[in-house]
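J.: Please find coords.txt (compact mmCIF, C-alpha atoms) on the next line:
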```txt
# COMPACT_ATOMS: atom_id res chain seq x y z
CA MET W 1 158.31 39.48 -6.07
CA ASN W 2 157.98 43.21 -5.62
CA ALA W 3 157.76 43.59 -9.36
CA VAL W 4 154.65 41.40 -9.43
CA GLU W 5 152.86 43.16 -6.54
CA ALA W 6 153.33 46.70 -7.82
CA PRO W 7 150.96 46.56 -10.85
CA VAL W 8 148.15 45.06 -8.69
CA LYS W 9 148.33 48.02 -6.27
CA LYS W 10 148.21 50.50 -9.15
CA SER W 11 145.12 48.83 -10.54
CA GLU W 12 143.30 49.06 -7.13
CA THR W 13 144.08 52.75 -6.91
CA LYS W 14 142.70 53.40 -10.38
CA SER W 15 139.52 51.48 -9.58
CA ARG W 16 138.96 53.47 -6.37
CA GLU W 17 139.48 56.78 -8.15
CA LYS W 18 136.76 55.81 -10.61
CA THR W 19 134.16 55.04 -7.90
CA ASP W 20 135.03 58.14 -5.87
CA LYS W 21 134.74 60.58 -8.76
CA PRO W 22 131.08 61.07 -9.66
CA TRP W 23 130.04 63.83 -7.25
CA GLN W 24 129.43 67.41 -8.19
CA VAL W 25 129.09 70.61 -6.21
CA VAL W 26 126.13 72.63 -7.48
CA VAL W 27 125.52 76.31 -6.65
CA LEU W 28 121.85 77.30 -6.77
CA ASP W 29 120.40 80.71 -7.57
CA ASP W 30 118.64 82.87 -4.99
CA PRO W 31 117.17 86.37 -5.22
CA VAL W 32 119.33 87.79 -2.41
CA ASN W 33 123.04 87.19 -2.90
CA LEU W 34 124.71 89.93 -4.93
CA MET W 35 126.31 88.80 -8.18
CA GLU W 36 129.70 90.32 -7.35
CA TYR W 37 129.66 88.52 -4.01
CA VAL W 38 128.94 85.15 -5.63
CA SER W 39 131.94 85.59 -7.95
CA ARG W 40 134.09 86.62 -5.01
CA VAL W 41 133.14 83.50 -3.02
CA LEU W 42 133.85 81.19 -5.98
CA ILE W 43 137.31 82.74 -6.36
CA GLN W 44 138.02 82.44 -2.63
CA ILE W 45 136.88 78.83 -2.24
CA PHE W 46 137.91 77.23 -5.53
CA GLY W 47 140.70 79.56 -6.63
CA PHE W 48 139.00 80.25 -9.96
CA SER W 49 140.14 83.09 -12.20
CA LYS W 50 137.88 86.18 -12.24
CA GLU W 51 136.69 85.21 -15.71
CA LYS W 52 135.75 81.65 -14.77
CA ALA W 53 134.04 82.76 -11.56
CA HIS W 54 132.07 85.38 -13.51
CA THR W 55 130.98 82.82 -16.14
CA LEU W 56 129.79 80.39 -13.44
CA MET W 57 128.01 83.17 -11.54
CA ILE W 58 126.14 84.17 -14.71
CA ALA W 59 125.19 80.52 -15.28
CA VAL W 60 123.79 80.33 -11.73
CA HIS W 61 121.84 83.54 -12.28
CA GLN W 62 120.45 82.65 -15.71
CA GLN W 63 119.98 78.88 -15.46
CA GLY W 64 119.22 78.66 -11.75
CA ARG W 65 122.19 76.41 -11.05
CA ALA W 66 125.72 75.62 -12.09
CA ILE W 67 128.09 72.74 -11.46
CA VAL W 68 131.22 74.33 -10.06
CA TRP W 69 133.29 71.30 -9.11
CA ASN W 70 133.56 67.53 -9.67
CA GLY W 71 135.36 64.99 -7.53
CA ASP W 72 135.11 62.75 -4.52
CA ARG W 73 132.34 63.07 -1.96
CA GLU W 74 134.44 64.03 1.04
CA LYS W 75 136.07 66.99 -0.66
CA GLY W 76 132.77 67.98 -2.23
CA GLU W 77 131.17 68.14 1.22
CA MET W 78 133.98 70.35 2.42
CA TYR W 79 133.35 72.77 -0.46
CA VAL W 80 129.58 72.80 0.13
CA ASN W 81 130.24 73.49 3.81
CA GLN W 82 132.34 76.51 2.80
CA LEU W 83 129.64 77.71 0.38
CA HIS W 84 126.98 77.42 3.10
CA SER W 85 129.27 79.29 5.47
CA ALA W 86 129.35 82.06 2.83
CA GLN W 87 125.52 81.85 2.77
CA LEU W 88 125.20 80.58 -0.79
CA ASN W 89 122.65 77.91 -1.69
CA ALA W 90 124.65 74.85 -2.67
CA THR W 91 124.32 71.10 -2.70
CA LEU W 92 126.24 67.95 -3.54
CA GLU W 93 124.85 65.65 -6.22
CA LYS W 94 125.92 62.35 -7.65
CA ALA W 95 126.84 62.88 -11.27
CA GLU W 96 124.68 60.99 -13.76
CA MET E 1 121.84 107.99 7.20
CA THR E 2 125.04 108.95 5.49
CA ILE E 3 127.56 106.31 4.43
CA ALA E 4 131.13 107.17 3.51
CA PRO E 5 134.40 105.32 2.91
CA THR E 6 137.13 105.99 5.48
CA VAL E 7 140.78 106.76 4.73
CA SER E 8 141.80 103.49 6.41
CA GLY E 9 139.75 101.45 3.95
CA GLY E 10 136.64 100.99 6.06
CA LEU E 11 133.10 102.28 5.81
CA LYS E 12 131.46 104.79 8.16
CA LEU E 13 127.72 104.69 8.83
CA ILE E 14 126.53 108.05 10.14
CA PRO E 15 123.01 107.96 11.61
CA GLU E 16 121.32 111.36 11.36
CA GLU E 17 118.23 110.67 13.41
CA ASP E 18 117.13 108.19 16.02
CA GLN E 19 115.25 106.13 13.44
CA ASP E 20 118.57 105.41 11.71
CA TRP E 21 119.90 103.84 14.91
CA VAL E 22 116.72 101.78 15.17
CA VAL E 23 117.32 100.42 11.67
CA LEU E 24 120.90 99.45 12.56
CA LEU E 25 119.67 97.76 15.72
CA LYS E 26 117.25 95.71 13.64
CA ILE E 27 119.97 94.03 11.53
CA ALA E 28 120.56 91.28 14.10
CA HIS E 29 116.86 90.79 14.74
CA ASP E 30 116.01 90.63 11.03
CA GLY E 31 118.66 87.97 10.50
CA ASP E 32 117.49 85.69 13.26
CA GLY E 33 116.13 82.86 11.12
CA ASP E 34 116.76 79.21 10.32
CA LEU E 35 119.43 79.71 7.71
CA ALA E 36 121.60 76.77 8.80
CA GLN E 37 118.56 74.48 8.76
CA HIS E 38 117.64 75.80 5.31
CA PHE E 39 121.06 74.74 4.03
CA ALA E 40 120.70 71.31 5.62
CA GLY E 41 117.48 70.91 3.63
CA LEU E 42 119.51 71.15 0.43
CA MET E 43 121.61 68.11 1.38
CA ASP E 44 120.72 64.42 1.33
CA GLU E 45 120.29 62.59 4.64
CA ASP E 46 123.48 60.55 4.19
CA SER E 47 125.54 63.70 4.48
CA MET E 48 124.75 64.00 8.25
CA TRP E 49 124.55 67.77 7.64
CA GLU E 50 121.99 68.23 10.39
CA ASP E 51 124.24 66.67 13.04
CA ILE E 52 127.65 67.87 11.97
CA VAL E 53 127.45 71.08 9.95
CA VAL E 54 124.29 72.81 11.17
CA PRO E 55 125.57 73.43 14.74
CA GLU E 56 128.77 74.97 13.35
CA LEU E 57 126.88 77.20 10.93
CA GLU E 58 124.40 78.27 13.59
CA SER E 59 127.26 79.27 15.85
CA GLU E 60 129.03 81.18 13.07
CA PHE E 61 125.87 83.02 11.98
CA SER E 62 124.96 83.84 15.58
CA THR E 63 128.43 85.27 16.18
CA GLN E 64 128.01 87.61 13.21
CA ARG E 65 124.65 88.91 14.46
CA LYS E 66 125.89 89.34 18.04
CA LYS E 67 128.99 91.24 16.93
CA VAL E 68 126.96 93.67 14.82
CA LEU E 69 124.38 94.21 17.56
CA LYS E 70 127.15 94.84 20.10
CA ASP E 71 128.92 97.36 17.81
CA VAL E 72 125.69 99.26 17.15
CA MET E 73 124.62 99.32 20.82
CA GLU E 74 128.04 100.48 21.98
CA ALA E 75 128.22 103.24 19.35
CA ARG E 76 124.73 104.41 20.24
CA GLU E 77 125.44 104.41 23.98
CA ARG E 78 128.61 106.43 23.40
CA LYS E 79 126.50 108.90 21.42
CA SER E 80 129.07 108.42 18.70
CA ASP E 81 128.74 110.45 15.51
CA GLY E 82 128.90 107.23 13.55
CA LEU E 83 129.94 103.64 13.34
CA ILE E 84 132.99 102.46 11.45
CA ILE E 85 133.12 99.05 9.79
CA ASP E 86 136.84 98.22 9.64
CA ARG E 87 138.26 95.99 6.93
CA LYS E 88 138.84 93.23 9.50
CA ASP E 89 135.16 93.23 10.42
CA ALA E 90 133.75 93.68 6.91
CA GLU E 91 133.05 89.96 6.33
CA ILE E 92 131.19 89.74 9.64
CA TRP E 93 129.05 92.78 8.85
CA TYR E 94 128.43 91.61 5.31
CA GLY E 95 127.34 88.22 6.68
CA ALA E 96 124.95 89.81 9.18
CA PHE E 97 123.38 91.97 6.47
CA ASN E 98 123.11 88.90 4.26
CA GLN E 99 121.41 86.87 6.97
CA ALA E 100 118.91 89.67 7.44
CA ARG E 101 118.14 89.87 3.72
CA LEU E 102 117.90 86.07 3.36
CA ALA E 103 115.56 85.80 6.35
CA MET E 104 113.38 88.67 5.09
CA GLU E 105 113.22 87.09 1.63
CA GLU E 106 112.11 83.83 3.25
CA LYS E 107 109.43 85.67 5.20
CA TYR E 108 108.15 88.24 2.68
CA ARG E 109 109.12 86.78 -0.73
CA PHE E 110 110.16 90.12 -2.21
CA GLY E 111 111.63 88.38 -5.25
CA PRO E 112 114.42 89.61 -7.54
CA ARG E 113 115.29 93.29 -7.12
CA GLU E 114 114.61 94.23 -10.75
CA PHE E 115 110.96 93.16 -10.49
CA ARG E 116 110.10 95.00 -7.28
CA ASP E 117 108.23 98.20 -6.64
CA SER E 118 107.76 99.71 -3.20
CA ASP E 119 104.13 100.46 -4.13
CA ASP E 120 103.49 96.70 -4.20
CA PHE E 121 103.58 96.50 -0.42
CA GLU E 122 100.36 97.64 1.21
CA ASP E 123 101.11 96.04 4.56
CA GLU E 124 103.12 98.50 6.70
CA GLU E 125 105.34 95.84 8.27
CA MET E 126 106.23 94.44 4.86
CA ARG E 127 106.82 97.91 3.44
CA SER E 128 109.14 98.76 6.33
CA ALA E 129 110.99 95.46 5.87
CA TYR E 130 111.31 96.19 2.15
CA PHE E 131 113.07 99.50 2.79
CA ARG E 132 115.39 97.94 5.39
CA ASN E 133 116.13 95.19 2.88
CA GLU E 134 117.05 97.80 0.26
CA PHE E 135 119.25 99.65 2.76
CA TYR E 136 121.06 96.46 3.83
CA GLY E 137 121.68 95.57 0.17
CA THR E 138 123.06 99.04 -0.52
CA VAL E 139 125.52 98.81 2.38
CA GLN E 140 126.56 95.36 1.17
CA SER E 141 127.30 96.77 -2.29
CA LEU E 142 129.39 99.55 -0.73
CA LEU E 143 131.27 97.04 1.42
CA LEU E 144 132.11 95.01 -1.67
CA GLU E 145 133.16 98.09 -3.64
CA TYR E 146 135.19 99.97 -1.02
CA VAL E 147 136.13 97.60 1.79
CA MET E 148 136.19 93.93 0.75
CA VAL E 149 138.70 94.55 -2.01
CA ASP E 150 141.83 92.53 -2.64
CA ASP E 151 145.12 94.18 -1.75
```
Could you rewrite the structure in this file as C-alpha cells?

T.:
Amino acid sequence: MNAVEAPVKKSETKSREKTDKPWQVVVLDDPVNLMEYVSRVLIQIFGFSKEKAHTLMIAVHQQGRAIVWNGDREKGEMYVNQLHSAQLNATLEKAE
Amino acid sequence: MTIAPTVSGGLKLIPEEDQDWVVLLKIAHDGDGDLAQHFAGLMDEDSMWEDIVVPELESEFSTQRKKVLKDVMEARERKSDGLIIDRKDAEIWYGAFNQARLAMEEKYRFGPREFRDSDDFEDEEMRSAYFRNEFYGTVQSLLLEYVMVDD
C-alpha cells in the first residue's frame, strides 16, 4: 500500500514547485547608489561571486534593471526586503 | 574638513571650521524623507509591504539617522578634534549618508553624477544641497574603500 501512495505524493510536490516558481527579484537603477556598493549588497544577500555581482550591477546601471533571482514568492519577498533595507530600489515580479 | 583612515580600520572626520560641524549635523536632517514609503510603492498591493515591511524599514532608517546625529552632537559638545567612524558603525553611517543622498535626489533631481555641473544650480539652497550631496558621496566612497572591506 505504501508503494502505491508514494508516487502520488511525489507528483503533488512537483506540481507545487511548478506553480511556486515564476517570481523574480528585480533590482532597479537609481542615480544615487554607488556601483561598488550595489555589487557589495548583491554579494552579501545572494552570495554571488564578485564577478557575477559585478555583471549584474553593470546590467542594472546600463539597462535600468536586472533580474537577480528567480524562485517562490515568499523567498523573493524576503530578498526584496533585504534589498530595501540596504536602500536599493528593488521589486518582485511574476515571470512571464 | 579633513578625512583620514585610522590605524584601527576606521575613518576620522576632522572638521576645521564651524561650518564643517554644521554640515555633519545636517546629515540626519537631509535624510529625513519617505524612503520606506518609496520602496513600498515599488511593490504590488498583495505584498502587504505597507503594513508589514514599511514600519520595520522606517524604524531601521530612523535608528541610523539618530545614531549619526548623536555621534556628531556628542563630538561637537566635547570640542573633539574629530569624529571617528569605527568599523562596527560603518554600515550605519553609510546608510545615513545614503538616506540623505536619496532624499536630496528625490527633492532636487540632481541626476547622475557624470552629467552634473555645480554651475547648473542658481538657487542657493539647491547649490548648498548639491555640495553636501557631493561630500556625503565622497565619504561613502572612502568608507567602502577603507572601512567596509572584507577581512

J.: Give the answer as one residue: which of E:Asp71, E:Glu106, E:Glu16, E:Asp51 has the shortest atom-to-atom distance to Ala28 of chain E, using only C-alpha atoms?

T.: E:Asp71

J.: Pull out every residue of chain W that has at least one atom within 7 Å of chain E, counting all atoms listed in the file, and report them as a list in words.

T.: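 Result: Pro31, Val32, His84, Ser85, Asn89, Thr91 and Leu92 of chain W.
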
J.: Which polymer residues have any atom within 6 Å of an atom of Ser39 of chain W, counting all atoms listed in the file, with same-chain residues fewer than 5 positions away left out, as a list of chain:residue names?

T.: W:Ala53, W:His54, W:Met57

J.: For those residues, write C-alpha atoms to a file as an mmCIF file, in the frame of the given file.

T.:
```cif
data_model
loop_
_atom_site.group_PDB
_atom_site.id
_atom_site.type_symbol
_atom_site.label_atom_id
_atom_site.label_comp_id
_atom_site.auth_asym_id
_atom_site.auth_seq_id
_atom_site.Cartn_x
_atom_site.Cartn_y
_atom_site.Cartn_z
ATOM 1 C CA ALA W 53 134.040 82.760 -11.560
ATOM 2 C CA HIS W 54 132.070 85.380 -13.510
ATOM 3 C CA MET W 57 128.010 83.170 -11.540
#
```

J.: Between E:Ser128, E:Leu83, E:Asp119, E:Leu25, which residue has the minimum interatomic distance to Phe97 of chain E, considering only C-alpha atoms?

T.: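 Closest to Phe97 of chain E of all the choices is E:Leu25.
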
J.: Enumerate, as a ChimeraX atom specification, the protein, DNA and RNA residues whose atoms approach (120.5, 77.0, -7.8) to within 9 Å, taking into account only C-alpha atoms and the coordinate frame of the file.

T.: /W:26-30,60-61,63-66,89-91

J.: What does the distance between atom CA of Ala75 of chain E and atom CA of Ser59 of chain E come to in Å, to one decimal place?

T.: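 That distance, rounded to one decimal, is 24.2 Å.
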
J.: For each of W:Asn70, W:Ser49, W:Asn33, W:Gln62, take the minimum atom-to-atom distance to Lys94 of chain W, counting all atoms listed in the file, then give the residue where this is smallest.

T.: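 Closest residue, counting all atoms listed in the file: W:Asn70.
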
J.: Just the number, please: distance in Å from atom CA of Met35 of chain W to atom CA of Val139 of chain E, one decimal.

T.: 14.6 Å

J.: Could you check how far atom CA of Gly10 of chain E sits from atom CA of Leu142 of chain E, in Å to one decimal?

T.: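 Atom CA of Leu142 of chain E lies 10.0 Å from atom CA of Gly10 of chain E.
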
J.: Using only C-alpha atoms, which residues sit within 12 Å of Met73 of chain E once same-chain residues fewer than 3 positions away are excluded, as a compact mmCIF listing (two decimals) with C-alpha atoms, keeping the file's coordinate frame?

T.:
```txt
# COMPACT_ATOMS: atom_id res chain seq x y z
CA TRP E 21 119.90 103.84 14.91
CA VAL E 22 116.72 101.78 15.17
CA VAL E 23 117.32 100.42 11.67
CA LEU E 24 120.90 99.45 12.56
CA LEU E 25 119.67 97.76 15.72
CA LYS E 26 117.25 95.71 13.64
CA ILE E 27 119.97 94.03 11.53
CA ALA E 28 120.56 91.28 14.10
CA LYS E 66 125.89 89.34 18.04
CA LYS E 67 128.99 91.24 16.93
CA VAL E 68 126.96 93.67 14.82
CA LEU E 69 124.38 94.21 17.56
CA LYS E 70 127.15 94.84 20.10
CA ARG E 76 124.73 104.41 20.24
CA GLU E 77 125.44 104.41 23.98
CA ARG E 78 128.61 106.43 23.40
CA LYS E 79 126.50 108.90 21.42
CA SER E 80 129.07 108.42 18.70
CA GLY E 82 128.90 107.23 13.55
CA LEU E 83 129.94 103.64 13.34
```

J.: Rank nothing, just name the residue among E:Glu124, E:Asp86, E:Glu134, E:Asp117 nearest to Pro5 of chain E, using only C-alpha atoms.

T.: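 Comparing E:Glu124, E:Asp86, E:Glu134, E:Asp117 against Pro5 of chain E, the winner is E:Asp86.
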